[in-house]
$ cat data13.pdb   # PDB, C-alpha atoms
MODEL        1
ATOM      1  CA  MET Z   1      59.422 115.120  60.594
ATOM      2  CA  LEU Z   2      59.921 118.809  61.192
ATOM      3  CA  LEU Z   3      59.246 121.061  64.123
ATOM      4  CA  HIS Z   4      56.030 122.993  63.577
ATOM      5  CA  PRO Z   5      56.950 126.467  62.249
ATOM      6  CA  ASP Z   6      55.591 128.051  65.447
ATOM      7  CA  VAL Z   7      57.716 125.877  67.748
ATOM      8  CA  VAL Z   8      61.121 126.815  69.082
ATOM      9  CA  SER Z   9      63.408 124.502  71.013
ATOM     10  CA  THR Z  10      66.211 124.994  73.478
ATOM     11  CA  ASP Z  11      68.562 122.325  74.766
ATOM     12  CA  THR Z  12      69.056 122.181  78.516
ATOM     13  CA  ASP Z  13      71.291 120.155  80.805
ATOM     14  CA  ASP Z  14      68.410 117.706  81.278
ATOM     15  CA  GLY Z  15      67.035 117.492  77.720
ATOM     16  CA  THR Z  16      65.092 119.933  75.562
ATOM     17  CA  VAL Z  17      62.365 122.495  76.124
ATOM     18  CA  LEU Z  18      59.870 123.155  73.322
ATOM     19  CA  LEU Z  19      57.715 126.300  73.211
ATOM     20  CA  HIS Z  20      54.720 126.633  70.902
ATOM     21  CA  LEU Z  21      54.677 130.364  70.200
ATOM     22  CA  THR Z  22      51.017 130.447  69.141
ATOM     23  CA  THR Z  23      49.584 128.666  72.169
ATOM     24  CA  GLY Z  24      52.197 129.725  74.711
ATOM     25  CA  ARG Z  25      52.427 126.144  75.958
ATOM     26  CA  TYR Z  26      55.767 124.511  76.576
ATOM     27  CA  TRP Z  27      56.998 120.965  76.999
ATOM     28  CA  GLN Z  28      60.115 119.575  78.565
ATOM     29  CA  LEU Z  29      61.673 116.417  77.172
ATOM     30  CA  ASN Z  30      64.154 114.421  79.200
ATOM     31  CA  SER Z  31      67.436 113.467  77.580
ATOM     32  CA  THR Z  32      66.007 110.314  76.004
ATOM     33  CA  GLY Z  33      62.969 112.143  74.605
ATOM     34  CA  ALA Z  34      65.233 114.901  73.316
ATOM     35  CA  GLY Z  35      67.408 112.310  71.601
ATOM     36  CA  VAL Z  36      64.359 110.732  69.967
ATOM     37  CA  LEU Z  37      63.231 114.149  68.727
ATOM     38  CA  ARG Z  38      66.682 114.947  67.320
ATOM     39  CA  ARG Z  39      66.811 111.631  65.468
ATOM     40  CA  LEU Z  40      63.303 112.207  64.063
ATOM     41  CA  LEU Z  41      64.306 115.668  62.871
ATOM     42  CA  ASP Z  42      67.406 114.116  61.275
ATOM     43  CA  GLY Z  43      65.097 111.912  59.183
ATOM     44  CA  CYS Z  44      65.392 108.638  61.080
ATOM     45  CA  THR Z  45      62.363 106.390  61.253
ATOM     46  CA  PRO Z  46      60.746 105.535  64.588
ATOM     47  CA  ASP Z  47      61.668 101.870  64.021
ATOM     48  CA  ASP Z  48      65.352 102.746  63.552
ATOM     49  CA  ILE Z  49      65.317 104.936  66.659
ATOM     50  CA  ALA Z  50      63.670 102.179  68.696
ATOM     51  CA  ALA Z  51      66.297  99.675  67.566
ATOM     52  CA  GLU Z  52      69.079 102.081  68.591
ATOM     53  CA  LEU Z  53      67.494 102.637  72.015
ATOM     54  CA  ALA Z  54      66.955  98.926  72.608
ATOM     55  CA  ASP Z  55      70.583  98.225  71.781
ATOM     56  CA  ARG Z  56      72.025 101.161  73.740
ATOM     57  CA  HIS Z  57      69.956 100.621  76.895
ATOM     58  CA  ALA Z  58      69.671  96.812  76.728
ATOM     59  CA  ILE Z  59      65.873  96.894  76.843
ATOM     60  CA  PRO Z  60      63.413  94.679  74.976
ATOM     61  CA  PRO Z  61      62.812  95.930  71.418
ATOM     62  CA  GLU Z  62      59.034  95.909  71.994
ATOM     63  CA  ARG Z  63      59.402  98.307  74.904
ATOM     64  CA  ALA Z  64      61.627 100.647  72.896
ATOM     65  CA  GLU Z  65      59.149 100.591  69.990
ATOM     66  CA  ARG Z  66      56.238 101.339  72.325
ATOM     67  CA  ASP Z  67      58.129 104.192  73.993
ATOM     68  CA  VAL Z  68      59.188 105.782  70.699
ATOM     69  CA  ARG Z  69      55.652 105.482  69.288
ATOM     70  CA  SER Z  70      54.342 107.168  72.434
ATOM     71  CA  ILE Z  71      56.785 110.079  72.086
ATOM     72  CA  VAL Z  72      55.958 110.513  68.386
ATOM     73  CA  SER Z  73      52.236 110.415  69.143
ATOM     74  CA  GLN Z  74      52.526 113.021  71.899
ATOM     75  CA  LEU Z  75      54.687 115.337  69.786
ATOM     76  CA  SER Z  76      52.250 115.067  66.879
ATOM     77  CA  SER Z  77      49.025 115.424  68.860
ATOM     78  CA  SER Z  78      50.437 118.464  70.664
ATOM     79  CA  GLY Z  79      51.181 120.129  67.332
ATOM     80  CA  LEU Z  80      54.915 120.276  68.014
ATOM     81  CA  VAL Z  81      55.973 118.378  64.907
ATOM     82  CA  VAL Z  82      54.610 117.968  61.405
ATOM     83  CA  THR Z  83      55.398 115.337  58.826
ATOM     84  CA  SER Z  84      57.440 116.502  55.876
TER      85      SER Z  84
ENDMDL
END
$ encode --input "data13.pdb" --output "structure tokens"
Amino acid sequence: MLLHPDVVSTDTDDGTVLLHLTTGRYWQLNSTGAGVLRRLLDGCTPDDIAAELADRHAIPPERAERDVRSIVSQLSSSGLVVTS
């Protein structure tokens, strides 16, 4: 995945802020969401990211998978990321 060419991001103390320059809309990701986005941009699969989160936070793998899928879906449907 890649950030859409019209999207800029800035890390904050609490996560990441994304601004879509064409629409003027912005989104704030908490630290976990920002970490998921970084891993996606690094080329990791959602399944790998979910496994890492489940292990790191001692949560059920199904919950981590559902949460990562939700983040990916929201990023995609908002036009913030595109598949490479």
$ resolve_selection --input "data13.pdb" --expression "the PyMOL selection byres ((chain Z and resi 20) around 10)" --output "compact mmCIF listing (two decimals) with C-alpha atoms, keeping the file's coordinate frame"
# COMPACT_ATOMS: atom_id res chain seq x y z
CA LEU Z 3 59.25 121.06 64.12
CA HIS Z 4 56.03 122.99 63.58
CA PRO Z 5 56.95 126.47 62.25
CA ASP Z 6 55.59 128.05 65.45
CA VAL Z 7 57.72 125.88 67.75
CA VAL Z 8 61.12 126.82 69.08
CA SER Z 9 63.41 124.50 71.01
CA LEU Z 18 59.87 123.16 73.32
CA LEU Z 19 57.72 126.30 73.21
CA LEU Z 21 54.68 130.36 70.20
CA THR Z 22 51.02 130.45 69.14
CA THR Z 23 49.58 128.67 72.17
CA GLY Z 24 52.20 129.72 74.71
CA ARG Z 25 52.43 126.14 75.96
CA TYR Z 26 55.77 124.51 76.58
CA TRP Z 27 57.00 120.96 77.00
CA SER Z 78 50.44 118.46 70.66
CA GLY Z 79 51.18 120.13 67.33
CA LEU Z 80 54.92 120.28 68.01
$ atom_distance --input "data13.pdb" --atom1 "CA of Gly15 (chain Z)" --atom2 "CA of Ser84 (chain Z)"
23.9 Å
$ atom_distance --input "data13.pdb" --atom1 "CA of Ala34 (chain Z)" --atom2 "CA of Asp11 (chain Z)"
8.3 Å
$ resolve_selection --input "data13.pdb" --expression "the PyMOL selection byres ((chain Z and resi 47-55) around 9)" --output "JSON, numbers by chain"
{"Z": [32, 36, 39, 40, 44, 45, 46, 56, 57, 58, 59, 60, 61, 62, 63, 64, 65, 66, 67, 68, 69]}
$ atom_distance --input "data13.pdb" --atom1 "CA of Met1 (chain Z)" --atom2 "CA of Ile71 (chain Z)"
12.8 Å
$ closest_residue --input "data13.pdb" --among "Z:Asp14, Z:Val82, Z:Ser70, Z:Leu41" --to "Gln28 (chain Z)" --atoms "only C-alpha atoms"
Z:Asp14
$ closest_residue --input "data13.pdb" --among "Z:Leu37, Z:Val17, Z:Asn30, Z:Thr12" --to "Ser73 (chain Z)" --atoms "only C-alpha atoms"
Z:Leu37
$ build_atoms --input "data13.pdb" --residues "region 24-47 of chain Z" --atoms "N, CA and C atoms" --output "short mmCIF file (atom, residue, chain, number, x, y, z; two decimals), in the coordinates of the input"
data_model
loop_
_atom_site.label_atom_id
_atom_site.label_comp_id
_atom_site.auth_asym_id
_atom_site.auth_seq_id
_atom_site.Cartn_x
_atom_site.Cartn_y
_atom_site.Cartn_z
N GLY Z 24 51.51 129.36 73.48
CA GLY Z 24 52.20 129.72 74.71
C GLY Z 24 52.49 128.54 75.61
N ARG Z 25 52.16 127.34 75.15
CA ARG Z 25 52.43 126.14 75.96
C ARG Z 25 53.85 125.67 75.71
N TYR Z 26 54.43 125.07 76.74
CA TYR Z 26 55.77 124.51 76.58
C TYR Z 26 55.83 123.10 77.13
N TRP Z 27 56.79 122.36 76.62
CA TRP Z 27 57.00 120.96 77.00
C TRP Z 27 58.46 120.77 77.29
N GLN Z 28 58.74 119.92 78.25
CA GLN Z 28 60.12 119.58 78.56
C GLN Z 28 60.32 118.10 78.28
N LEU Z 29 61.31 117.80 77.47
CA LEU Z 29 61.67 116.42 77.17
C LEU Z 29 62.92 116.06 77.95
N ASN Z 30 62.92 114.87 78.54
CA ASN Z 30 64.15 114.42 79.20
C ASN Z 30 65.19 114.10 78.13
N SER Z 31 66.36 113.67 78.55
CA SER Z 31 67.44 113.47 77.58
C SER Z 31 67.09 112.39 76.55
N THR Z 32 66.39 111.36 76.96
CA THR Z 32 66.01 110.31 76.00
C THR Z 32 64.98 110.85 75.01
N GLY Z 33 63.97 111.55 75.49
CA GLY Z 33 62.97 112.14 74.60
C GLY Z 33 63.59 113.15 73.65
N ALA Z 34 64.54 113.93 74.16
CA ALA Z 34 65.23 114.90 73.32
C ALA Z 34 66.03 114.19 72.23
N GLY Z 35 66.66 113.08 72.59
CA GLY Z 35 67.41 112.31 71.60
C GLY Z 35 66.50 111.74 70.53
N VAL Z 36 65.33 111.25 70.93
CA VAL Z 36 64.36 110.73 69.97
C VAL Z 36 63.94 111.86 69.02
N LEU Z 37 63.63 113.02 69.57
CA LEU Z 37 63.23 114.15 68.73
C LEU Z 37 64.34 114.52 67.74
N ARG Z 38 65.57 114.61 68.21
CA ARG Z 38 66.68 114.95 67.32
C ARG Z 38 66.80 113.95 66.17
N ARG Z 39 66.69 112.67 66.50
CA ARG Z 39 66.81 111.63 65.47
C ARG Z 39 65.65 111.72 64.47
N LEU Z 40 64.45 112.02 64.96
CA LEU Z 40 63.30 112.21 64.06
C LEU Z 40 63.55 113.38 63.12
N LEU Z 41 64.05 114.47 63.68
CA LEU Z 41 64.31 115.67 62.87
C LEU Z 41 65.44 115.43 61.88
N ASP Z 42 66.32 114.48 62.19
CA ASP Z 42 67.41 114.12 61.28
C ASP Z 42 66.92 113.18 60.16
N GLY Z 43 65.65 112.76 60.23
CA GLY Z 43 65.10 111.91 59.18
C GLY Z 43 65.06 110.43 59.50
N CYS Z 44 65.43 110.05 60.71
CA CYS Z 44 65.39 108.64 61.08
C CYS Z 44 63.95 108.19 61.29
N THR Z 45 63.70 106.93 61.02
CA THR Z 45 62.36 106.39 61.25
C THR Z 45 62.21 106.00 62.73
N PRO Z 46 60.96 105.99 63.21
CA PRO Z 46 60.75 105.54 64.59
C PRO Z 46 61.28 104.13 64.84
N ASP Z 47 61.16 103.24 63.85
CA ASP Z 47 61.67 101.87 64.02
C ASP Z 47 63.18 101.86 64.20
#
